[in-house]
Amino acid sequence: MKAELIERYTAIQTAIKADALKHSFEADDVASLNVIIRLTVEFADYLDHVDRGIPWLPDRHENSKLSDHLKKVNDLLDIFHSQNPEIPDRGSTPEFEASYAAGSIFAGLQSFYTLHQTYGCLTDQLPATIGLPQLQGVDVKKEFTARYREFLTATGFSQRCRLLLDMYRLQIVFAGLAHS
């Protein structure tokens with residue numbers, strides 16, 4: 001994963017953590033909040049790359065640019081494909097990237113549920129800005145991007161949590177459509 005992306009979501013996590021603790025979030029709640037922040041920042045990065053026509057995931061064969069963890073994964077994939085030539089190596093195609101993003105979103109569902117339950121206990125919680133009526137004909141990318149920009153400039157903890165939850169709902173819609 002790119003260092004700048006890690007720095008971006010780590011900075012947001014650090015900035016929000018103190019507010020979460022003030023609102024009686026426990027360690028598991030903060031961990032769930034951190035997961036949703038990471039997934040949201042990664043999804044925003046994914047959408048930005050799609051807009052610019054730049055591959056989001058690095059090409060598996062550019063190992064010199066990858067972290068040690070990704071190098072190990074790539075080595076295992078190379079072994080797998082050498083032993084199973086009938087299964088094509090898809091590399092970093094737009095379809096694979098969308099499916100990868102969808103898988104990440106699905107993996108964060110438990111954190112979403114935890115954050116949603118914890119946020120529901122706050123006395124200053126805000127109502128959802130997106131629900132079933134707003135999803136008819138919604139442009140997920142446009143709605144997500146608008147909320148992400150608002151999230152980056154928001155200062156109140158309750159507002160930031162509400163925006164995270166709403167953005168994750170949009171990510172779930174994307175994941176449902178993109179999962180293959």
# chains A, B, ... in the order shown; residues from 1 in each chain; ligands from 1
call {"tool": "residues_around", "arguments": {"residues": "segment 4-16 of chain A", "least_positions_apart": "3", "cutoff": "12 Å", "atoms": "only C-alpha atoms", "output": "ChimeraX atom specification"}}
result
/A:1,19-23,25,30-46,56,151-161,164
call {"tool": "atom_distance", "arguments": {"atom1": "atom CA of Thr129 of chain A", "atom2": "atom CA of Ala102 of chain A"}}
result
22.2 Å
call {"tool": "atom_distance", "arguments": {"atom1": "atom CA of Ala101 of chain A", "atom2": "atom CA of Glu150 of chain A"}}
result
22.0 Å
call {"tool": "select_by_dssp", "arguments": {"residues": "segment 4-65 of chain A", "states": "helix (DSSP H, G or I)", "output": "MDAnalysis selection string"}}
result
chainID A and resid 4:22 27:52 63:65
call {"tool": "residues_around", "arguments": {"residues": "segment 168-180 of chain A", "least_positions_apart": "2", "cutoff": "7 Å", "atoms": "only C-alpha atoms", "output": "compact mmCIF listing (two decimals) with N, CA, C and O atoms, in the first residue's frame"}}
result
# COMPACT_ATOMS: atom_id res chain seq x y z
N THR A 40 -12.64 3.95 4.14
CA THR A 40 -13.20 5.14 3.50
C THR A 40 -12.12 5.92 2.75
O THR A 40 -12.32 6.33 1.60
N ALA A 98 -12.00 -3.20 -9.00
CA ALA A 98 -13.34 -2.98 -8.45
C ALA A 98 -13.72 -4.14 -7.53
O ALA A 98 -14.28 -3.94 -6.45
N SER A 99 -13.40 -5.36 -7.96
CA SER A 99 -13.70 -6.53 -7.14
C SER A 99 -12.88 -6.51 -5.85
O SER A 99 -13.38 -6.86 -4.78
N ALA A 102 -14.42 -4.00 -3.57
CA ALA A 102 -15.67 -4.56 -3.02
C ALA A 102 -15.36 -5.55 -1.90
O ALA A 102 -16.01 -5.54 -0.85
N ILE A 105 -14.50 -3.73 1.25
CA ILE A 105 -15.69 -3.15 1.86
C ILE A 105 -16.48 -4.22 2.61
O ILE A 105 -16.87 -4.02 3.76
N VAL A 140 -23.30 6.88 -6.92
CA VAL A 140 -22.52 6.53 -5.73
C VAL A 140 -21.25 7.36 -5.66
O VAL A 140 -20.91 7.90 -4.60
N PHE A 144 -20.58 9.93 -2.70
CA PHE A 144 -19.47 9.60 -1.81
C PHE A 144 -18.45 10.74 -1.79
O PHE A 144 -18.01 11.17 -0.73
N LEU A 164 -18.94 9.23 8.14
CA LEU A 164 -18.30 7.94 7.92
C LEU A 164 -19.34 6.83 7.70
O LEU A 164 -19.21 6.01 6.79
N LEU A 165 -20.37 6.82 8.54
CA LEU A 165 -21.41 5.81 8.40
C LEU A 165 -22.14 5.94 7.07
O LEU A 165 -22.40 4.94 6.38
N ASP A 166 -22.46 7.16 6.68
CA ASP A 166 -23.16 7.38 5.41
C ASP A 166 -22.27 7.03 4.21
O ASP A 166 -22.74 6.44 3.24
call {"tool": "closest_residue", "arguments": {"among": "A:Ala107, A:Gly120, A:Leu47, A:Glu97", "to": "Thr145 of chain A", "atoms": "only C-alpha atoms"}}
result
A:Leu47
call {"tool": "atom_distance", "arguments": {"atom1": "atom CA of Gly53 of chain A", "atom2": "atom CA of Lys2 of chain A"}}
result
17.4 Å
call {"tool": "closest_residue", "arguments": {"among": "A:Tyr113, A:Thr93, A:Tyr148, A:Arg162", "to": "Gln125 of chain A", "atoms": "only C-alpha atoms"}}
result
A:Arg162
